[in-house]
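Written out below as structure tokens is the structure these notes cover.
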Amino acid sequence: MMKRSNRFQRKERPVPKNCGFCHNKTEPDYKDAVSLLRFTSERGKLLARARTGICSKHQRRVTREVKRARFIALLPFVVRA
């Protein structure tokens with residue numbers, strides 16, 4: 001049996017699970033597009049909880065607010081290279 005190469009065994013660095021929204025007692029808002037950019041990749045895709053470190057409740061709200069901001073053109077749907 002062939003041994004898998006190292007590119008399949010890559011592990012991402014864990015992100016500490018410190019939800020900034022819970023800590024500051026705030027909620028994500030679609031009007032604050034600058035802060036929502038932290039939760040999207042450089043290509044415009046939403047980042048997972050494992051990459052952002054926020055709790056599941058706020059991850060769902062961030063997802064909803066990013067979609068709202070995209071709909072009213074505060075954030076792009078796709079970032080072209």
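Lettering and numbering for the structure tokens are positional, with chains as A, B, ... in the shown order, residues counted from 1 in each chain, and ligands counted from 1 in the shown order.
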Need to verify the contact set: Val62 of chain A, 8 Å, only C-alpha atoms, exclusion of same-chain residues closer than 4 positions in sequence. Can you return it as a PDB file with C-alpha atoms, in the first residue's frame?
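out.pdb was written with the following content:
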```pdb
ATOM      1  CA  PRO A  28     -22.793  41.183  14.636  1.00  0.00           C
ATOM      2  CA  ASP A  29     -24.488  43.769  12.414  1.00  0.00           C
ATOM      3  CA  LEU A  36     -17.651  41.331   8.945  1.00  0.00           C
ATOM      4  CA  PHE A  39     -14.991  36.442   9.047  1.00  0.00           C
ATOM      5  CA  HIS A  58     -22.576  34.033  16.901  1.00  0.00           C
ATOM      6  CA  VAL A  66     -22.729  38.617   5.933  1.00  0.00           C
TER       7      VAL A  66
END
```
Exercise. Near Pro14 of chain A, within 12 Å and counting only C-alpha atoms, which residues show up once chain neighbours fewer than 2 positions away are dropped, as a PyMOL selection string?
Worked result: chain A and resi 11-12+16-18+49-53
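Here the question is which of A:Arg80, A:Ile54, A:Lys31, A:Arg43 gets nearest to Arg68 of chain A using only C-alpha atoms, and that residue is A:Lys31.
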For this session: Give the alpha helix (DSSP H) residues of chain A, as assigned by DSSP on the backbone, as an MDAnalysis selection string.
Result: chainID A and resid 20:24 33:36 49:52 56:71
Problem set entry | Atomic separation - atom CA of Tyr30 of chain A relative to atom CA of Glu65 of chain A, Å | 4.6 Å
List the spatial neighbours of Val78 of chain A as a CSV table (one decimal) with C-alpha atoms, in the first residue's frame - criterion: any atom at most 12 Å away, only C-alpha atoms, same-chain residues fewer than 4 positions off excluded.
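Dumped everything to selection-v4.csv:
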```
chain,number,residue,atom,x,y,z
A,40,THR,CA,-14.5,36.0,5.3
A,41,SER,CA,-11.5,34.7,3.4
A,42,GLU,CA,-9.6,36.8,0.9
A,43,ARG,CA,-11.8,35.3,-1.9
A,44,GLY,CA,-15.0,36.3,-0.1
A,45,LYS,CA,-16.0,32.9,1.4
A,46,LEU,CA,-17.2,32.6,4.9
A,70,ARG,CA,-23.9,41.0,0.4
A,73,ALA,CA,-23.9,45.4,-1.7
```
